Amino acid sequence: MSEIESIDAVQAMLAEEGYVCARPLATVVFLALRLGRPIFLEGEAGVGKTEIAKALASALGRSLIRLQCYEGLDASSAVYEWNFAAQMVAIRTAEASGQADRASLQEELFGPGYLLERPLLKAMRPDPSGAPVLLIDELDRTDEPFEAFLLEALSDFQVTIPEIGTIKAPQPPIVILTSNRTREVHDALKRRCLYHWVDYPEFDRELEILEARAPEVAESLSREVVGFVQRLRTEDLFKKPGVAETIDWAKCLLALDVLTLSPEVIADTLGAVLKYQDDIAKLQGSEAKRLLDETRAALDPV
């Protein structure tokens, strides 16, 4: 990664992809590229953890391989599976033709032609464009046995398929792990990574992000949207809106030809920014007007 020579270069590179990156996060990315270390990003949903992997892959011209984690995910599902349907067809065809040699058939059935590669195995394969970006998304949804397996896989950047053997990455992938912190991830895995907490951005940075991702939205409306969302995050909500919701809301308002916020517009479009009915109910009546008045007072102080 010698072409990335500075933290400023990382920020500029990601900015070209529409990702506005604060310097602390850019520093972590720079060090990960320079040292070949995985990045572990924690933070609330919708703050841009997944997006940085997409932006980094695009900026570097690398493939993006995503492993979406879920409860019950095991090592075999993350690495490989055998194409059982195709294997059964091959067995029946061999039996019907009367040419079923058990040893050769078994060797064929458990060979590369029947192997379904899953994200971790794909990330170990050589790629003409260079080492891919491997995104292991929402790791906190899995359980500890999978974490233990992942710790070993990321230590040596190799996986073992009993029927074929060990496959080692010719060049380690660029690994980004994310967590919404619904549970704590084991320290042993965190120690292998460069850690960064991705927080909600301050007003100016969120405005910059919105302008980068939705440049067609008028500046005055963008300021109101960001100010209102920032004010919402100070309320006692079940799920505070992330940057993704800020962008979605602004695009919805643009589609409705809204030029400025009003309590009526807010009530009609709250589903774009809040995702739980209890939170939406709190903004009914005079609450939306109160928050809007506070937002405008903060944006235009007397």
# chains A, B, ... in the order shown; residues from 1 in each chain; ligands from 1
call {"tool": "residues_around", "arguments": {"residues": "stretch 77-93 of chain A", "least_positions_apart": "3", "cutoff": "7 Å", "atoms": "only C-alpha atoms", "output": "PDB file with N, CA, C and O atoms, in the first residue's frame"}}
result
ATOM      1  N   LEU A  73     -24.559 -18.341  12.484  1.00  0.00           N
ATOM      2  CA  LEU A  73     -23.547 -18.465  11.436  1.00  0.00           C
ATOM      3  C   LEU A  73     -22.408 -19.348  11.928  1.00  0.00           C
ATOM      4  O   LEU A  73     -21.883 -19.152  13.023  1.00  0.00           O
ATOM      5  N   ASP A  74     -22.030 -20.350  11.114  1.00  0.00           N
ATOM      6  CA  ASP A  74     -20.933 -21.219  11.507  1.00  0.00           C
ATOM      7  C   ASP A  74     -19.806 -21.132  10.494  1.00  0.00           C
ATOM      8  O   ASP A  74     -19.921 -20.495   9.448  1.00  0.00           O
ATOM      9  N   ALA A  96     -26.731 -44.679 -13.326  1.00  0.00           N
ATOM     10  CA  ALA A  96     -27.571 -45.030 -14.479  1.00  0.00           C
ATOM     11  C   ALA A  96     -26.748 -45.486 -15.668  1.00  0.00           C
ATOM     12  O   ALA A  96     -27.177 -46.353 -16.444  1.00  0.00           O
ATOM     13  N   SER A  97     -25.556 -44.922 -15.812  1.00  0.00           N
ATOM     14  CA  SER A  97     -24.700 -45.294 -16.954  1.00  0.00           C
ATOM     15  C   SER A  97     -23.904 -46.562 -16.677  1.00  0.00           C
ATOM     16  O   SER A  97     -23.260 -47.107 -17.578  1.00  0.00           O
ATOM     17  N   LEU A 109     -16.516 -35.791  -6.902  1.00  0.00           N
ATOM     18  CA  LEU A 109     -17.602 -35.116  -6.197  1.00  0.00           C
ATOM     19  C   LEU A 109     -17.097 -34.110  -5.170  1.00  0.00           C
ATOM     20  O   LEU A 109     -17.766 -33.108  -4.881  1.00  0.00           O
ATOM     21  N   TYR A 114     -17.401 -28.902  -7.572  1.00  0.00           N
ATOM     22  CA  TYR A 114     -18.618 -28.955  -6.775  1.00  0.00           C
ATOM     23  C   TYR A 114     -18.516 -28.091  -5.514  1.00  0.00           C
ATOM     24  O   TYR A 114     -19.368 -28.162  -4.632  1.00  0.00           O
ATOM     25  N   LEU A 115     -17.492 -27.283  -5.449  1.00  0.00           N
ATOM     26  CA  LEU A 115     -17.256 -26.449  -4.275  1.00  0.00           C
ATOM     27  C   LEU A 115     -17.936 -25.092  -4.445  1.00  0.00           C
ATOM     28  O   LEU A 115     -17.717 -24.405  -5.443  1.00  0.00           O
ATOM     29  N   LEU A 116     -18.758 -24.721  -3.487  1.00  0.00           N
ATOM     30  CA  LEU A 116     -19.382 -23.396  -3.472  1.00  0.00           C
ATOM     31  C   LEU A 116     -18.587 -22.517  -2.515  1.00  0.00           C
ATOM     32  O   LEU A 116     -18.585 -22.743  -1.305  1.00  0.00           O
ATOM     33  N   GLU A 117     -17.922 -21.530  -3.052  1.00  0.00           N
ATOM     34  CA  GLU A 117     -17.072 -20.665  -2.228  1.00  0.00           C
ATOM     35  C   GLU A 117     -17.917 -19.599  -1.535  1.00  0.00           C
ATOM     36  O   GLU A 117     -18.699 -18.907  -2.158  1.00  0.00           O
ATOM     37  N   ARG A 118     -17.724 -19.484  -0.226  1.00  0.00           N
ATOM     38  CA  ARG A 118     -18.369 -18.448   0.560  1.00  0.00           C
ATOM     39  C   ARG A 118     -17.354 -17.337   0.846  1.00  0.00           C
ATOM     40  O   ARG A 118     -16.180 -17.452   0.495  1.00  0.00           O
ATOM     41  N   PRO A 119     -17.780 -16.224   1.473  1.00  0.00           N
ATOM     42  CA  PRO A 119     -16.922 -15.038   1.544  1.00  0.00           C
ATOM     43  C   PRO A 119     -15.499 -15.244   2.051  1.00  0.00           C
ATOM     44  O   PRO A 119     -14.548 -14.709   1.458  1.00  0.00           O
ATOM     45  N   LEU A 120     -15.305 -16.007   3.128  1.00  0.00           N
ATOM     46  CA  LEU A 120     -13.952 -16.137   3.665  1.00  0.00           C
ATOM     47  C   LEU A 120     -13.021 -16.865   2.699  1.00  0.00           C
ATOM     48  O   LEU A 120     -11.845 -16.503   2.567  1.00  0.00           O
ATOM     49  N   LEU A 121     -13.527 -17.875   2.016  1.00  0.00           N
ATOM     50  CA  LEU A 121     -12.699 -18.583   1.036  1.00  0.00           C
ATOM     51  C   LEU A 121     -12.419 -17.686  -0.167  1.00  0.00           C
ATOM     52  O   LEU A 121     -11.289 -17.647  -0.680  1.00  0.00           O
TER      53      LEU A 121
END
call {"tool": "select_by_dssp", "arguments": {"residues": "stretch 66-283 of chain A", "states": "strand (DSSP E or B)", "output": "MDAnalysis selection string"}}
result
chainID A and resid 66:68 80:82 115:117 133:137 158:161 165:168 174:179 194:197
call {"tool": "residues_around", "arguments": {"residues": "A:Asp137", "least_positions_apart": "4", "cutoff": "10 Å", "atoms": "only C-alpha atoms", "output": "VMD selection string"}}
result
chain A and resid 41 49 to 50 53 66 to 70 141 176 to 180
call {"tool": "closest_atom_pairs", "arguments": {"of": "stretch 143-194 of chain A", "to": "stretch 33-38 of chain A", "cutoff": "7 Å", "atoms": "only C-alpha atoms", "output": "tab-separated table"}}
result
residue	atom	partner	partner_atom	distance
A:Ile174	CA	A:Pro38	CA	6.6
A:Val175	CA	A:Pro38	CA	4.7
A:Ile176	CA	A:Pro38	CA	5.8
A:Cys193	CA	A:Pro38	CA	4.8
A:Leu194	CA	A:Pro38	CA	6.3
call {"tool": "write_last_selection", "arguments": {"atoms": "N, CA and C atoms", "output": "CSV table (one decimal), in the first residue's frame"}}
result
chain,number,residue,atom,x,y,z
A,174,ILE,N,-7.7,-6.9,2.9
A,174,ILE,CA,-7.9,-5.8,3.7
A,174,ILE,C,-9.2,-6.0,4.5
A,175,VAL,N,-9.1,-6.3,5.8
A,175,VAL,CA,-10.2,-6.7,6.6
A,175,VAL,C,-10.8,-5.6,7.4
A,176,ILE,N,-12.1,-5.4,7.3
A,176,ILE,CA,-12.9,-4.5,8.1
A,176,ILE,C,-14.0,-5.3,8.8
A,193,CYS,N,-6.8,-6.4,16.0
A,193,CYS,CA,-7.3,-5.3,15.1
A,193,CYS,C,-6.9,-3.9,15.6
A,194,LEU,N,-6.9,-3.0,14.7
A,194,LEU,CA,-6.9,-1.6,15.1
A,194,LEU,C,-8.3,-1.1,15.3
call {"tool": "residues_around", "arguments": {"residues": "A:Asp279", "least_positions_apart": "5", "cutoff": "7 Å", "atoms": "only C-alpha atoms", "output": "PyMOL selection string"}}
result
chain A and resi 237-238+274
call {"tool": "closest_atom_pairs", "arguments": {"of": "stretch 250-289 of chain A", "to": "stretch 216-230 of chain A", "cutoff": "8 Å", "atoms": "only C-alpha atoms", "output": "JSON lines"}}
result
{"residue": "A:Ala250", "atom": "CA", "partner": "A:Val225", "partner_atom": "CA", "distance": 6.7}
{"residue": "A:Lys251", "atom": "CA", "partner": "A:Val217", "partner_atom": "CA", "distance": 7.4}
{"residue": "A:Leu254", "atom": "CA", "partner": "A:Val217", "partner_atom": "CA", "distance": 6.3}
{"residue": "A:Leu259", "atom": "CA", "partner": "A:Leu221", "partner_atom": "CA", "distance": 6.2}
{"residue": "A:Thr260", "atom": "CA", "partner": "A:Leu221", "partner_atom": "CA", "distance": 5.6}
{"residue": "A:Leu261", "atom": "CA", "partner": "A:Glu224", "partner_atom": "CA", "distance": 7.0}
call {"tool": "write_last_selection", "arguments": {"atoms": "all heavy atoms", "output": "CSV table (one decimal), in the first residue's frame"}}
result
chain,number,residue,atom,x,y,z
A,250,ALA,N,-33.5,13.5,3.8
A,250,ALA,CA,-33.2,14.7,2.9
A,250,ALA,C,-33.7,14.3,1.5
A,250,ALA,O,-34.3,15.1,0.8
A,250,ALA,CB,-31.7,15.1,2.9
A,251,LYS,N,-33.4,13.1,1.0
A,251,LYS,CA,-33.8,12.7,-0.3
A,251,LYS,C,-35.3,12.6,-0.4
A,251,LYS,O,-35.9,12.9,-1.5
A,251,LYS,CB,-33.1,11.3,-0.7
A,251,LYS,CG,-31.6,11.5,-0.9
A,251,LYS,CD,-31.0,10.1,-1.3
A,251,LYS,CE,-29.5,10.3,-1.6
A,251,LYS,NZ,-28.8,9.0,-1.9
A,254,LEU,N,-36.6,16.0,-0.8
A,254,LEU,CA,-36.3,16.5,-2.1
A,254,LEU,C,-37.4,16.0,-3.1
A,254,LEU,O,-37.8,16.7,-4.0
A,254,LEU,CB,-34.9,16.1,-2.5
A,254,LEU,CG,-34.5,16.5,-3.9
A,254,LEU,CD1,-34.3,18.1,-4.0
A,254,LEU,CD2,-33.1,15.9,-4.3
A,259,LEU,N,-39.1,22.7,0.4
A,259,LEU,CA,-38.1,23.7,0.5
A,259,LEU,C,-37.7,24.1,1.9
A,259,LEU,O,-36.5,24.5,2.1
A,259,LEU,CB,-38.6,25.0,-0.2
A,259,LEU,CG,-38.9,24.8,-1.7
A,259,LEU,CD1,-39.5,26.2,-2.3
A,259,LEU,CD2,-37.7,24.4,-2.5
A,260,THR,N,-38.6,23.8,2.8
A,260,THR,CA,-38.2,24.1,4.2
A,260,THR,C,-39.1,23.2,5.1
A,260,THR,O,-40.2,22.8,4.7
A,260,THR,CB,-38.5,25.6,4.6
A,260,THR,OG1,-38.1,25.9,5.9
A,260,THR,CG2,-40.0,25.9,4.5
A,261,LEU,N,-38.6,22.9,6.3
A,261,LEU,CA,-39.3,22.0,7.2
A,261,LEU,C,-40.5,22.8,7.9
A,261,LEU,O,-40.4,24.0,8.1
A,261,LEU,CB,-38.3,21.5,8.3
A,261,LEU,CG,-37.3,20.5,7.9
A,261,LEU,CD1,-36.4,20.1,9.1
A,261,LEU,CD2,-37.8,19.3,7.3
call {"tool": "atom_distance", "arguments": {"atom1": "atom CA of A:Leu292", "atom2": "atom CA of A:Leu232"}}
result
9.8 Å
call {"tool": "closest_residue", "arguments": {"among": "A:Thr234, A:Gln106, A:Thr142, A:Thr295", "to": "A:Tyr200", "atoms": "only C-alpha atoms"}}
result
A:Thr234
call {"tool": "closest_atom_pairs", "arguments": {"of": "stretch 143-262 of chain A", "to": "stretch 124-133 of chain A", "cutoff": "10 Å", "atoms": "only C-alpha atoms", "output": "Markdown table"}}
result
| residue | atom | partner | partner_atom | distance |
| --- | --- | --- | --- | --- |
| A:Phe157 | CA | A:Met124 | CA | 7.0 |
| A:Gln158 | CA | A:Met124 | CA | 6.8 |
| A:Val159 | CA | A:Met124 | CA | 8.0 |
| A:Ile167 | CA | A:Met124 | CA | 7.2 |
| A:Lys168 | CA | A:Met124 | CA | 6.2 |
| A:Ala169 | CA | A:Met124 | CA | 4.2 |
| A:Pro170 | CA | A:Pro126 | CA | 6.3 |
| A:Gln171 | CA | A:Ala131 | CA | 5.9 |
| A:Pro172 | CA | A:Ala131 | CA | 6.3 |
| A:Pro173 | CA | A:Ala131 | CA | 4.8 |
| A:Ile174 | CA | A:Val133 | CA | 4.6 |
| A:Val175 | CA | A:Val133 | CA | 5.9 |
| A:Ile176 | CA | A:Val133 | CA | 7.5 |
call {"tool": "write_last_selection", "arguments": {"atoms": "C-alpha atoms", "output": "short mmCIF file (atom, residue, chain, number, x, y, z; two decimals), in the first residue's frame"}}
result
data_model
loop_
_atom_site.label_atom_id
_atom_site.label_comp_id
_atom_site.auth_asym_id
_atom_site.auth_seq_id
_atom_site.Cartn_x
_atom_site.Cartn_y
_atom_site.Cartn_z
CA PHE A 157 -5.17 -15.81 6.58
CA GLN A 158 -5.79 -19.41 5.64
CA VAL A 159 -8.68 -21.87 5.78
CA ILE A 167 -5.83 -22.71 1.21
CA LYS A 168 -3.67 -19.73 2.14
CA ALA A 169 -4.13 -16.20 0.84
CA PRO A 170 -1.19 -15.19 -1.41
CA GLN A 171 -1.77 -11.65 -0.16
CA PRO A 172 -3.79 -10.93 3.01
CA PRO A 173 -7.11 -9.20 2.32
CA ILE A 174 -7.90 -5.77 3.73
CA VAL A 175 -10.22 -6.74 6.60
CA ILE A 176 -12.87 -4.49 8.14
#
call {"tool": "select_by_dssp", "arguments": {"residues": "stretch 207-267 of chain A", "states": "alpha helix (DSSP H)", "output": "JSON, numbers by chain"}}
result
{"A": [207, 208, 209, 210, 211, 212, 213, 219, 220, 221, 222, 223, 224, 225, 226, 227, 228, 229, 230, 231, 232, 243, 244, 245, 246, 247, 248, 249, 250, 251, 252, 253, 254, 255, 263, 264, 265, 266, 267]}
call {"tool": "write_last_selection", "arguments": {"atoms": "N, CA and C atoms", "output": "mmCIF file, in the first residue's frame"}}
result
data_model
loop_
_atom_site.group_PDB
_atom_site.id
_atom_site.type_symbol
_atom_site.label_atom_id
_atom_site.label_comp_id
_atom_site.auth_asym_id
_atom_site.auth_seq_id
_atom_site.Cartn_x
_atom_site.Cartn_y
_atom_site.Cartn_z
ATOM 1 N N LEU A 207 -23.254 17.829 8.011
ATOM 2 C CA LEU A 207 -23.683 18.659 6.887
ATOM 3 C C LEU A 207 -22.800 18.407 5.671
ATOM 4 N N GLU A 208 -21.519 18.258 5.907
ATOM 5 C CA GLU A 208 -20.591 17.965 4.818
ATOM 6 C C GLU A 208 -20.894 16.607 4.193
ATOM 7 N N ILE A 209 -21.226 15.624 5.037
ATOM 8 C CA ILE A 209 -21.581 14.291 4.539
ATOM 9 C C ILE A 209 -22.843 14.364 3.686
ATOM 10 N N LEU A 210 -23.855 15.080 4.184
ATOM 11 C CA LEU A 210 -25.115 15.194 3.450
ATOM 12 C C LEU A 210 -24.897 15.896 2.114
ATOM 13 N N GLU A 211 -24.081 16.925 2.098
ATOM 14 C CA GLU A 211 -23.819 17.642 0.852
ATOM 15 C C GLU A 211 -23.073 16.760 -0.153
ATOM 16 N N ALA A 212 -22.222 15.850 0.388
ATOM 17 C CA ALA A 212 -21.491 14.943 -0.499
ATOM 18 C C ALA A 212 -22.397 13.857 -1.061
ATOM 19 N N ARG A 213 -23.333 13.363 -0.253
ATOM 20 C CA ARG A 213 -24.172 12.240 -0.668
ATOM 21 C C ARG A 213 -25.469 12.682 -1.347
ATOM 22 N N GLU A 219 -29.013 24.047 0.239
ATOM 23 C CA GLU A 219 -28.204 24.212 1.449
ATOM 24 C C GLU A 219 -29.060 24.560 2.662
ATOM 25 N N SER A 220 -30.048 25.419 2.469
ATOM 26 C CA SER A 220 -30.885 25.819 3.605
ATOM 27 C C SER A 220 -31.657 24.633 4.174
ATOM 28 N N LEU A 221 -32.188 23.786 3.279
ATOM 29 C CA LEU A 221 -32.912 22.598 3.742
ATOM 30 C C LEU A 221 -31.950 21.604 4.376
ATOM 31 N N SER A 222 -30.773 21.442 3.822
ATOM 32 C CA SER A 222 -29.773 20.536 4.401
ATOM 33 C C SER A 222 -29.432 20.943 5.821
ATOM 34 N N ARG A 223 -29.279 22.235 6.049
ATOM 35 C CA ARG A 223 -28.957 22.724 7.391
ATOM 36 C C ARG A 223 -30.094 22.426 8.364
ATOM 37 N N GLU A 224 -31.326 22.621 7.915
ATOM 38 C CA GLU A 224 -32.462 22.332 8.789
ATOM 39 C C GLU A 224 -32.559 20.837 9.088
ATOM 40 N N VAL A 225 -32.369 20.021 8.080
ATOM 41 C CA VAL A 225 -32.456 18.568 8.260
ATOM 42 C C VAL A 225 -31.398 18.096 9.251
ATOM 43 N N VAL A 226 -30.162 18.503 9.031
ATOM 44 C CA VAL A 226 -29.080 18.077 9.924
ATOM 45 C C VAL A 226 -29.318 18.610 11.336
ATOM 46 N N GLY A 227 -29.712 19.882 11.440
ATOM 47 C CA GLY A 227 -29.964 20.449 12.765
ATOM 48 C C GLY A 227 -31.081 19.732 13.494
ATOM 49 N N PHE A 228 -32.153 19.374 12.762
ATOM 50 C CA PHE A 228 -33.282 18.683 13.389
ATOM 51 C C PHE A 228 -32.881 17.281 13.833
ATOM 52 N N VAL A 229 -32.136 16.553 12.985
ATOM 53 C CA VAL A 229 -31.699 15.203 13.348
ATOM 54 C C VAL A 229 -30.760 15.253 14.549
ATOM 55 N N GLN A 230 -29.873 16.239 14.557
ATOM 56 C CA GLN A 230 -28.972 16.388 15.712
ATOM 57 C C GLN A 230 -29.778 16.647 16.981
ATOM 58 N N ARG A 231 -30.832 17.445 16.875
ATOM 59 C CA ARG A 231 -31.693 17.707 18.028
ATOM 60 C C ARG A 231 -32.436 16.444 18.439
ATOM 61 N N LEU A 232 -32.884 15.639 17.461
ATOM 62 C CA LEU A 232 -33.572 14.379 17.766
ATOM 63 C C LEU A 232 -32.695 13.454 18.603
ATOM 64 N N VAL A 243 -26.607 8.644 10.453
ATOM 65 C CA VAL A 243 -26.338 9.483 9.285
ATOM 66 C C VAL A 243 -27.096 8.953 8.071
ATOM 67 N N ALA A 244 -27.234 7.637 7.986
ATOM 68 C CA ALA A 244 -27.979 7.042 6.866
ATOM 69 C C ALA A 244 -29.410 7.565 6.838
ATOM 70 N N GLU A 245 -30.031 7.721 8.005
ATOM 71 C CA GLU A 245 -31.392 8.243 8.065
ATOM 72 C C GLU A 245 -31.431 9.728 7.688
ATOM 73 N N THR A 246 -30.395 10.466 8.057
ATOM 74 C CA THR A 246 -30.323 11.878 7.654
ATOM 75 C C THR A 246 -30.344 11.991 6.138
ATOM 76 N N ILE A 247 -29.534 11.171 5.490
ATOM 77 C CA ILE A 247 -29.451 11.207 4.022
ATOM 78 C C ILE A 247 -30.777 10.767 3.407
ATOM 79 N N ASP A 248 -31.351 9.683 3.920
ATOM 80 C CA ASP A 248 -32.626 9.191 3.386
ATOM 81 C C ASP A 248 -33.722 10.244 3.521
ATOM 82 N N TRP A 249 -33.781 10.896 4.669
ATOM 83 C CA TRP A 249 -34.821 11.890 4.924
ATOM 84 C C TRP A 249 -34.681 13.069 3.960
ATOM 85 N N ALA A 250 -33.453 13.536 3.800
ATOM 86 C CA ALA A 250 -33.220 14.659 2.891
ATOM 87 C C ALA A 250 -33.651 14.307 1.465
ATOM 88 N N LYS A 251 -33.368 13.088 1.035
ATOM 89 C CA LYS A 251 -33.763 12.671 -0.313
ATOM 90 C C LYS A 251 -35.286 12.560 -0.435
ATOM 91 N N CYS A 252 -35.954 12.110 0.619
ATOM 92 C CA CYS A 252 -37.412 12.049 0.612
ATOM 93 C C CYS A 252 -38.016 13.449 0.500
ATOM 94 N N LEU A 253 -37.458 14.385 1.254
ATOM 95 C CA LEU A 253 -37.955 15.765 1.215
ATOM 96 C C LEU A 253 -37.743 16.372 -0.169
ATOM 97 N N LEU A 254 -36.598 16.034 -0.774
ATOM 98 C CA LEU A 254 -36.325 16.521 -2.126
ATOM 99 C C LEU A 254 -37.354 15.971 -3.112
ATOM 100 N N ALA A 255 -37.679 14.681 -2.975
ATOM 101 C CA ALA A 255 -38.656 14.056 -3.872
ATOM 102 C C ALA A 255 -40.041 14.682 -3.727
ATOM 103 N N PRO A 263 -43.872 21.570 10.853
ATOM 104 C CA PRO A 263 -44.385 20.463 11.673
ATOM 105 C C PRO A 263 -45.194 19.453 10.860
ATOM 106 N N GLU A 264 -45.931 19.954 9.857
ATOM 107 C CA GLU A 264 -46.751 19.065 9.035
ATOM 108 C C GLU A 264 -45.872 18.153 8.170
ATOM 109 N N VAL A 265 -44.851 18.734 7.557
ATOM 110 C CA VAL A 265 -43.927 17.943 6.738
ATOM 111 C C VAL A 265 -43.204 16.911 7.595
ATOM 112 N N ILE A 266 -42.772 17.314 8.774
ATOM 113 C CA ILE A 266 -42.069 16.400 9.679
ATOM 114 C C ILE A 266 -42.982 15.223 10.039
ATOM 115 N N ALA A 267 -44.239 15.514 10.389
ATOM 116 C CA ALA A 267 -45.186 14.447 10.764
ATOM 117 C C ALA A 267 -45.409 13.475 9.611
#
call {"tool": "closest_residue", "arguments": {"among": "A:Glu107, A:Glu71, A:Asp236, A:Asp8", "to": "A:Pro145", "atoms": "only C-alpha atoms"}}
result
A:Glu71
call {"tool": "closest_residue", "arguments": {"among": "A:Ile39, A:Glu138, A:Ser63, A:Ala123", "to": "A:Glu184", "atoms": "only C-alpha atoms"}}
result
A:Glu138
call {"tool": "closest_residue", "arguments": {"among": "A:Ala298, A:Leu134, A:Glu95, A:Gly46", "to": "A:Arg62", "atoms": "only C-alpha atoms"}}
result
A:Leu134
call {"tool": "atom_distance", "arguments": {"atom1": "atom CA of A:Phe40", "atom2": "atom CA of A:His196"}}
result
6.4 Å
call {"tool": "atom_distance", "arguments": {"atom1": "atom CA of A:Ala12", "atom2": "atom CA of A:Arg192"}}
result
27.1 Å
call {"tool": "closest_residue", "arguments": {"among": "A:Leu291, A:Ile136, A:Ala26, A:Ala9", "to": "A:Val198", "atoms": "only C-alpha atoms"}}
result
A:Ala26
